[in-house]
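Here is the structure we will look at.
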Amino acid sequence: MTALPVTCEIDFAAEGRRHGFIRVPHSVTRSAYGFVPVPVISLRRGAGPKVVLMAGNHGDEFEGQVVLTRLAAALELDDVAGQLVILPAANTPAAVAGLRTSPLDGGNLNRSFTDEAGATPTSMIAHYLEHVVFDGIDYLLDLHSGGTSLEYLPTVLAKWGADTVDNDRRRRLLDVLGLPFALLFEADDDTPFATAAAARRGGIGLTTELGGGGRVTPAYVALIEAGLRRYLREVGVCPNLDTEPAIHEPRLLYAGGDHQLVFARASGLFEPVVELGEEVEAGRLGAWIHTPEQPWRESQAVYFETAGVVICQRTLGRAEPGDCLFEIGMPAG
């Protein structure tokens, strides 16, 4: 039996301000003919770029969900030239549950953008976003944070490649967003991330990482709200928004080294001995893993294998082998 198609209550080709649900079929005992309601807002007026703003890609990353919910309420149709699509809770089941992945199928939306439609709610959401919502896209901004288990310094992630024209465009957007750090990476467009899906449809995608720890940090919300208004004005979809100058020039860092991510190799209590934003050298002690349930065991030291800036750190006290403890941004050059 062929899976039922994903549908939408709004017409993305229609002018005006429209809102409703993307309906993802989901038949379960409590609702035989039910659907997963993914909220979407479209503001379309005249000529201009198509811009998609997304949050809740991971449901326990809250800053972006707050920012896009407020933005959707504040913007008027007259602010828009072209089309602005807002998805404040892209993986709605995960967002409602406050979980990174969907409680319906365990799906990680930002690992699900493939050419296969699939039959699970998460894979159907990803396929519909890439092939319908991202159709004709010019720009995607995907707002992330560290979620429950991590905290990030305010950082924007950007693909960096051989195309100097694209690099120049991305660099301009990094400056406009005005976050203190920019993490540059090399990647193919066949990866299962939302930004790669946007690239496959012809758009330029950026991802922000800021905050986390299972909470909303007011200073980070204010920082990205101001940057988002500059971004919308810069790309031309909201050309007349009032904005304030950026107070940060992003420090360019590089991602992609073999030892950029630091993982736990033992179970126990995670005690960091460095702070977010700290500069570290290769070989420096970063943390201890203690086992108070067996206090006679020797605590395990965790060392950094590469030099750079600590841009991300685990927030949970206990760790298991394979848990990420730190992310290091390496100096770009």
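Numbering starts fresh at 1 for the residues of each chain in the structure tokens, the chains themselves are lettered A, B, ... in the order given, and ligands are numbered from 1 as they appear.
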
If you run DSSP on the backbone here, which positions in region 43-142 of chain A get strand (DSSP E)? Please write them as a short mmCIF file (atom, residue, chain, number, x, y, z; two decimals) with N, CA and C atoms, in the first residue's frame.
data_model
loop_
_atom_site.label_atom_id
_atom_site.label_comp_id
_atom_site.auth_asym_id
_atom_site.auth_seq_id
_atom_site.Cartn_x
_atom_site.Cartn_y
_atom_site.Cartn_z
N LEU A 43 4.44 34.59 4.04
CA LEU A 43 4.13 35.97 3.67
C LEU A 43 4.70 36.18 2.27
N ARG A 44 3.81 36.44 1.32
CA ARG A 44 4.25 36.59 -0.07
C ARG A 44 3.64 37.86 -0.66
N ARG A 45 4.53 38.71 -1.19
CA ARG A 45 4.04 39.97 -1.77
C ARG A 45 5.03 40.42 -2.86
N LYS A 50 12.99 34.28 -2.29
CA LYS A 50 12.28 33.36 -1.40
C LYS A 50 13.22 32.98 -0.28
N VAL A 51 12.79 33.24 0.96
CA VAL A 51 13.61 33.00 2.14
C VAL A 51 12.83 32.10 3.09
N VAL A 52 13.49 31.07 3.60
CA VAL A 52 12.88 30.17 4.57
C VAL A 52 13.65 30.28 5.88
N LEU A 53 12.92 30.49 6.97
CA LEU A 53 13.47 30.52 8.33
C LEU A 53 12.93 29.31 9.07
N MET A 54 13.82 28.59 9.74
CA MET A 54 13.41 27.34 10.37
C MET A 54 14.00 27.24 11.77
N GLY A 82 8.76 39.71 -1.95
CA GLY A 82 9.10 38.34 -2.31
C GLY A 82 8.32 37.40 -1.43
N GLN A 83 8.98 36.37 -0.89
CA GLN A 83 8.29 35.41 -0.02
C GLN A 83 9.15 35.03 1.16
N LEU A 84 8.53 35.07 2.33
CA LEU A 84 9.17 34.65 3.56
C LEU A 84 8.33 33.52 4.15
N VAL A 85 8.96 32.36 4.32
CA VAL A 85 8.30 31.19 4.91
C VAL A 85 8.94 30.93 6.27
N ILE A 86 8.09 30.80 7.30
CA ILE A 86 8.58 30.62 8.67
C ILE A 86 8.08 29.29 9.21
N LEU A 87 9.02 28.47 9.70
CA LEU A 87 8.72 27.17 10.30
C LEU A 87 9.29 27.18 11.73
N TYR A 139 17.36 31.55 0.04
CA TYR A 139 18.10 31.56 1.30
C TYR A 139 17.36 30.73 2.34
N LEU A 140 18.14 29.97 3.14
CA LEU A 140 17.63 29.27 4.31
C LEU A 140 18.48 29.66 5.51
N LEU A 141 17.81 30.00 6.61
CA LEU A 141 18.48 30.19 7.89
C LEU A 141 17.85 29.23 8.89
N ASP A 142 18.65 28.28 9.37
CA ASP A 142 18.19 27.22 10.25
C ASP A 142 18.76 27.49 11.64
#

Would you mind writing down, as a short mmCIF file (atom, residue, chain, number, x, y, z; two decimals) with C-alpha atoms, in the first residue's frame, each residue of region 119-312 of chain A that DSSP on the backbone assigns to helix (DSSP H, G or I)?
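Written output follows (result-v4.cif):
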data_model
loop_
_atom_site.label_atom_id
_atom_site.label_comp_id
_atom_site.auth_asym_id
_atom_site.auth_seq_id
_atom_site.Cartn_x
_atom_site.Cartn_y
_atom_site.Cartn_z
CA PRO A 121 6.76 11.08 10.07
CA THR A 122 10.27 12.55 10.28
CA SER A 123 11.33 11.36 6.82
CA MET A 124 8.05 12.63 5.33
CA ILE A 125 8.56 16.06 6.91
CA ALA A 126 12.11 16.25 5.51
CA HIS A 127 11.06 15.17 2.03
CA TYR A 128 8.19 17.68 1.90
CA LEU A 129 10.36 20.53 3.13
CA GLU A 130 13.08 19.85 0.56
CA HIS A 131 10.85 19.20 -2.44
CA VAL A 132 7.96 21.59 -1.78
CA VAL A 133 8.84 24.27 0.79
CA THR A 164 34.88 32.48 -4.19
CA VAL A 165 31.66 34.20 -5.28
CA ASP A 166 29.60 31.99 -2.96
CA ASN A 167 32.17 32.47 -0.21
CA ASP A 168 31.91 36.24 -0.58
CA ARG A 169 28.10 36.07 -0.34
CA ARG A 170 28.26 33.88 2.73
CA ARG A 171 30.88 36.09 4.34
CA ARG A 172 28.60 39.10 3.89
CA LEU A 173 25.78 37.21 5.62
CA LEU A 174 28.08 36.22 8.48
CA ASP A 175 28.96 39.87 9.02
CA VAL A 176 25.31 40.89 8.86
CA LEU A 177 24.18 38.29 11.39
CA ALA A 194 18.63 20.99 5.94
CA THR A 195 21.25 23.42 4.59
CA ALA A 196 22.43 20.80 2.09
CA ALA A 197 18.82 20.24 1.04
CA ALA A 198 18.48 23.99 0.44
CA ALA A 199 21.69 23.95 -1.61
CA ARG A 200 20.34 21.11 -3.74
CA PRO A 218 17.73 36.04 27.00
CA ALA A 219 21.00 37.60 25.83
CA TYR A 220 21.28 35.08 23.00
CA VAL A 221 17.66 35.63 21.98
CA ALA A 222 18.28 39.38 21.76
CA LEU A 223 21.48 38.82 19.78
CA ILE A 224 19.89 36.61 17.13
CA GLU A 225 16.74 38.73 16.92
CA ALA A 226 18.82 41.77 16.02
CA GLY A 227 20.94 39.75 13.60
CA LEU A 228 17.91 38.20 11.98
CA ARG A 229 16.42 41.62 11.20
CA ARG A 230 19.70 42.65 9.53
CA TYR A 231 19.76 39.35 7.63
CA LEU A 232 16.20 39.77 6.31
CA ARG A 233 17.03 43.28 5.17
CA GLU A 234 20.33 42.24 3.57
CA VAL A 235 18.85 39.41 1.48
#

Distance in Å - CA of Thr69 (chain A) versus CA of Thr120 (chain A): 26.2 Å

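For Val96 (chain A), the list of residues within 12 Å, based on only C-alpha atoms and with local chain neighbours fewer than 6 positions off taken out, reads Val36, Pro37, Val38, Pro39, Gly56, Asn57, His58, Gly59, Asp60, Glu61, Phe62, Gln65, Pro88, Ala89, Ala90, Ser102, Pro103 and Leu104 of chain A.
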
Who sits within 8 Å of Glu186 (chain A), only C-alpha atoms, same chain under 2 positions skipped, as a list of chain:residue names: A:Lys159, A:Trp160, A:Gly161, A:Leu184, A:Asp188, A:Ala255, A:Gly256

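Across A:Val274, A:Ala55, A:Ala332, A:Ala47, the tightest approach to Val67 (chain A) is made by A:Ala55 when counting only C-alpha atoms.
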
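Proximity to Gly212 (chain A) at 10 Å, evaluated using only C-alpha atoms and with sequence-adjacent residues fewer than 5 positions away removed, yields Asp60, Glu61, Phe62, Glu63, His144, Ser145, Gly146, Gly147, Thr148, Ser149, Leu150, Glu151, Tyr152, Leu153, Thr217, Tyr220, Cys312, Gln313, Arg314 and Thr315 of chain A.
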
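Computed from the coordinates, the CA of Leu4 (chain A) to CA of Val40 (chain A) distance equals 20.1 Å.
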
Among listed residues A:Leu68, A:Leu276, A:Leu157, A:Leu325, nearest Ile204 (chain A) (using only C-alpha atoms): A:Leu157

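One distance worth recording is that between CA of Glu293 (chain A) and CA of Gly213 (chain A), which is 25.1 Å.
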
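Among the candidates A:Gly322, A:Pro331, A:Pro245, A:Gly257, the one nearest to Glu279 (chain A) when counting only C-alpha atoms is A:Pro331.
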
Top pick for closest residue to Leu75 (chain A), considering A:Ala97, A:Leu241, A:Ala182, A:Val6 and counting only C-alpha atoms: A:Leu241
